[in-house]
Structures are given as structure tokens and as C-alpha cells.
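Visitor: First the structure, which I've put down as C-alpha cells, then a few questions once you've had a look.
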Amino acid sequence: RSSDLHAGCPCVTASVDDIYFEQTISVGQVVNLKAKVNRAFNSSMEVGIQVSYENLRSGKQWNVCQAYATFVAQGDGTGKVKLKMLTPQTEEEQMEYSIAAERRRMRLLHTDIIKDLLVKSTIQDERDHEETD
């Protein structure tokens, strides 16, 4: 929802980074999700997602996990959506804004490495197949 609000149009999930659960959530506990756009790029944005649970009797909350998702704005089909840039207001927002650029760089590098490995694997499979013929 935070991505749709920022973009002003529907967005789709392009990726979600690794998720590590720090706590378990039991039946009867309330789960809270907080999502916030950390940085908007051209047509994609990084959204930070914080999951916690709450004991309704005590009001105490525990963090369960934090994740980062990349969403891409879909627009109306007439071309790519150009997202409005964010202006961080607090030190914490400035830090997340800066780190989001580095996470994006690492995601793109990882994607390129995987694509390269797939191409090399396909070429090797073709060679192996030719040798057995």
C-alpha cells in the first residue's frame, strides 16, 4: 500500500530480500506490519517492512523481522512511470535513504551475476550434449 500511495498508481512486487525471523508468533497474538518507502528511483522503489507482534494484555511488542522489498510502478500502460523523489526528513530517514541506494546496487549486481551464471551453464550444457551425441 505504501508503494501505491507514493506512486499514485498500482505497483507490483519485483523482489523481496532475505527474511530472517527473530521471534515466533503464536496463535492469539496480534501481528503488526509497518511499511515505509525508503527511496524512490526511476520507476522502482525500496520499501522497508517491519513485522512485530503484540501481547494485547500487556501491550508489549516484539520485533519479528525486517525486510526490504522492491516495488515497480505500473502506471496506465502508456509508458514507464517516473516516480517522485523522496526528501528524507530525519537522520534515520537519511540513513535509510542512503543505504537503500547501496542495497539497490547490490541487488542489481547479484542479478547480473545470476544471469551470467545461467548463460554459462546453458553454454556448458550445450557442449556436454554435443559431446555425448
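FYI, nothing fancy with the C-alpha cells labels: chains A, B, ... in order, residues from 1 per chain, ligands from 1 as they appear.
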Where does DSSP see helix (DSSP H, G or I) in segment 15-95 of chain A, if you list the residues as a PyMOL selection string?

Guide: chain A and resi 91-95

Visitor: List as a PDB file with N, CA, C and O atoms, in the first residue's frame the protein and nucleic acid residues near segment 22-32 of chain A, meaning an atom at most 8 Å away when only C-alpha atoms are counted, but skip any in the same chain fewer than 5 places from it.

Guide:
```
ATOM      1  N   VAL A  51       8.009  -6.149  10.828  1.00  0.00           N
ATOM      2  CA  VAL A  51       6.962  -7.021  11.367  1.00  0.00           C
ATOM      3  C   VAL A  51       7.199  -7.166  12.861  1.00  0.00           C
ATOM      4  O   VAL A  51       8.313  -7.459  13.301  1.00  0.00           O
ATOM      5  N   SER A  52       6.151  -6.955  13.635  1.00  0.00           N
ATOM      6  CA  SER A  52       6.224  -7.153  15.080  1.00  0.00           C
ATOM      7  C   SER A  52       4.944  -7.838  15.540  1.00  0.00           C
ATOM      8  O   SER A  52       3.983  -7.941  14.785  1.00  0.00           O
ATOM      9  N   TYR A  53       4.969  -8.312  16.763  1.00  0.00           N
ATOM     10  CA  TYR A  53       3.737  -8.847  17.343  1.00  0.00           C
ATOM     11  C   TYR A  53       3.543  -8.223  18.710  1.00  0.00           C
ATOM     12  O   TYR A  53       4.479  -7.709  19.324  1.00  0.00           O
ATOM     13  N   GLU A  54       2.292  -8.260  19.149  1.00  0.00           N
ATOM     14  CA  GLU A  54       1.932  -7.568  20.374  1.00  0.00           C
ATOM     15  C   GLU A  54       1.122  -8.480  21.280  1.00  0.00           C
ATOM     16  O   GLU A  54       0.253  -9.218  20.826  1.00  0.00           O
ATOM     17  N   ASN A  55       1.439  -8.413  22.565  1.00  0.00           N
ATOM     18  CA  ASN A  55       0.637  -9.078  23.578  1.00  0.00           C
ATOM     19  C   ASN A  55      -0.437  -8.072  23.983  1.00  0.00           C
ATOM     20  O   ASN A  55      -0.122  -7.016  24.550  1.00  0.00           O
ATOM     21  N   LEU A  56      -1.685  -8.361  23.667  1.00  0.00           N
ATOM     22  CA  LEU A  56      -2.759  -7.408  23.924  1.00  0.00           C
ATOM     23  C   LEU A  56      -2.955  -7.114  25.408  1.00  0.00           C
ATOM     24  O   LEU A  56      -3.366  -6.018  25.778  1.00  0.00           O
ATOM     25  N   TRP A  62       7.168  -7.038  20.316  1.00  0.00           N
ATOM     26  CA  TRP A  62       8.454  -7.648  19.985  1.00  0.00           C
ATOM     27  C   TRP A  62       8.649  -7.588  18.472  1.00  0.00           C
ATOM     28  O   TRP A  62       7.723  -7.852  17.711  1.00  0.00           O
ATOM     29  N   ASN A  63       9.856  -7.261  18.065  1.00  0.00           N
ATOM     30  CA  ASN A  63      10.167  -7.298  16.637  1.00  0.00           C
ATOM     31  C   ASN A  63      10.317  -8.738  16.188  1.00  0.00           C
ATOM     32  O   ASN A  63      10.933  -9.547  16.877  1.00  0.00           O
ATOM     33  N   VAL A  64       9.745  -9.049  15.032  1.00  0.00           N
ATOM     34  CA  VAL A  64       9.824 -10.391  14.466  1.00  0.00           C
ATOM     35  C   VAL A  64      10.835 -10.414  13.333  1.00  0.00           C
ATOM     36  O   VAL A  64      11.713 -11.254  13.284  1.00  0.00           O
ATOM     37  N   CYS A  65      10.709  -9.485  12.413  1.00  0.00           N
ATOM     38  CA  CYS A  65      11.668  -9.426  11.305  1.00  0.00           C
ATOM     39  C   CYS A  65      11.569  -8.088  10.600  1.00  0.00           C
ATOM     40  O   CYS A  65      10.612  -7.335  10.764  1.00  0.00           O
TER      41      CYS A  65
END
```

Visitor: For the contact check between segment 38-122 of chain A and segment 8-11 of chain A, emit one row per residue of segment 38-122 of chain A within 6 Å, containing the shortest atom pair and the distance in Å rounded to one decimal, counting only C-alpha atoms, chain then rising number order, as a Markdown table.

Guide:
```
| residue | atom | partner | partner_atom | distance |
| --- | --- | --- | --- | --- |
| A:Phe71 | CA | A:Cys11 | CA | 6.0 |
| A:Val72 | CA | A:Cys11 | CA | 5.3 |
| A:Ala73 | CA | A:Cys11 | CA | 4.2 |
| A:Gln74 | CA | A:Cys11 | CA | 5.4 |
| A:Gly75 | CA | A:Cys9 | CA | 5.6 |
```

Visitor: Any chance you could export the current selection's N, CA and C atoms as a compact mmCIF listing (two decimals), in the first residue's frame?

Guide:
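Here's the written file again_9.txt:
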```
# COMPACT_ATOMS: atom_id res chain seq x y z
N PHE A 71 9.45 -2.54 -5.28
CA PHE A 71 8.18 -2.45 -6.00
C PHE A 71 8.40 -1.62 -7.26
N VAL A 72 7.66 -1.98 -8.33
CA VAL A 72 7.75 -1.24 -9.58
C VAL A 72 6.36 -0.69 -9.90
N ALA A 73 6.32 0.60 -10.19
CA ALA A 73 5.06 1.26 -10.54
C ALA A 73 4.60 0.82 -11.93
N GLN A 74 3.32 0.52 -12.06
CA GLN A 74 2.78 0.00 -13.32
C GLN A 74 2.09 1.04 -14.19
N GLY A 75 1.62 2.11 -13.66
CA GLY A 75 1.01 3.16 -14.46
C GLY A 75 -0.20 2.68 -15.25
```

Visitor: From the DSSP assignment of the backbone, select every residue of chain A that is strand (DSSP E or B), and format the answer as number ranges by chain.

Guide: A: 11-16, 30-40, 44-54, 61-73
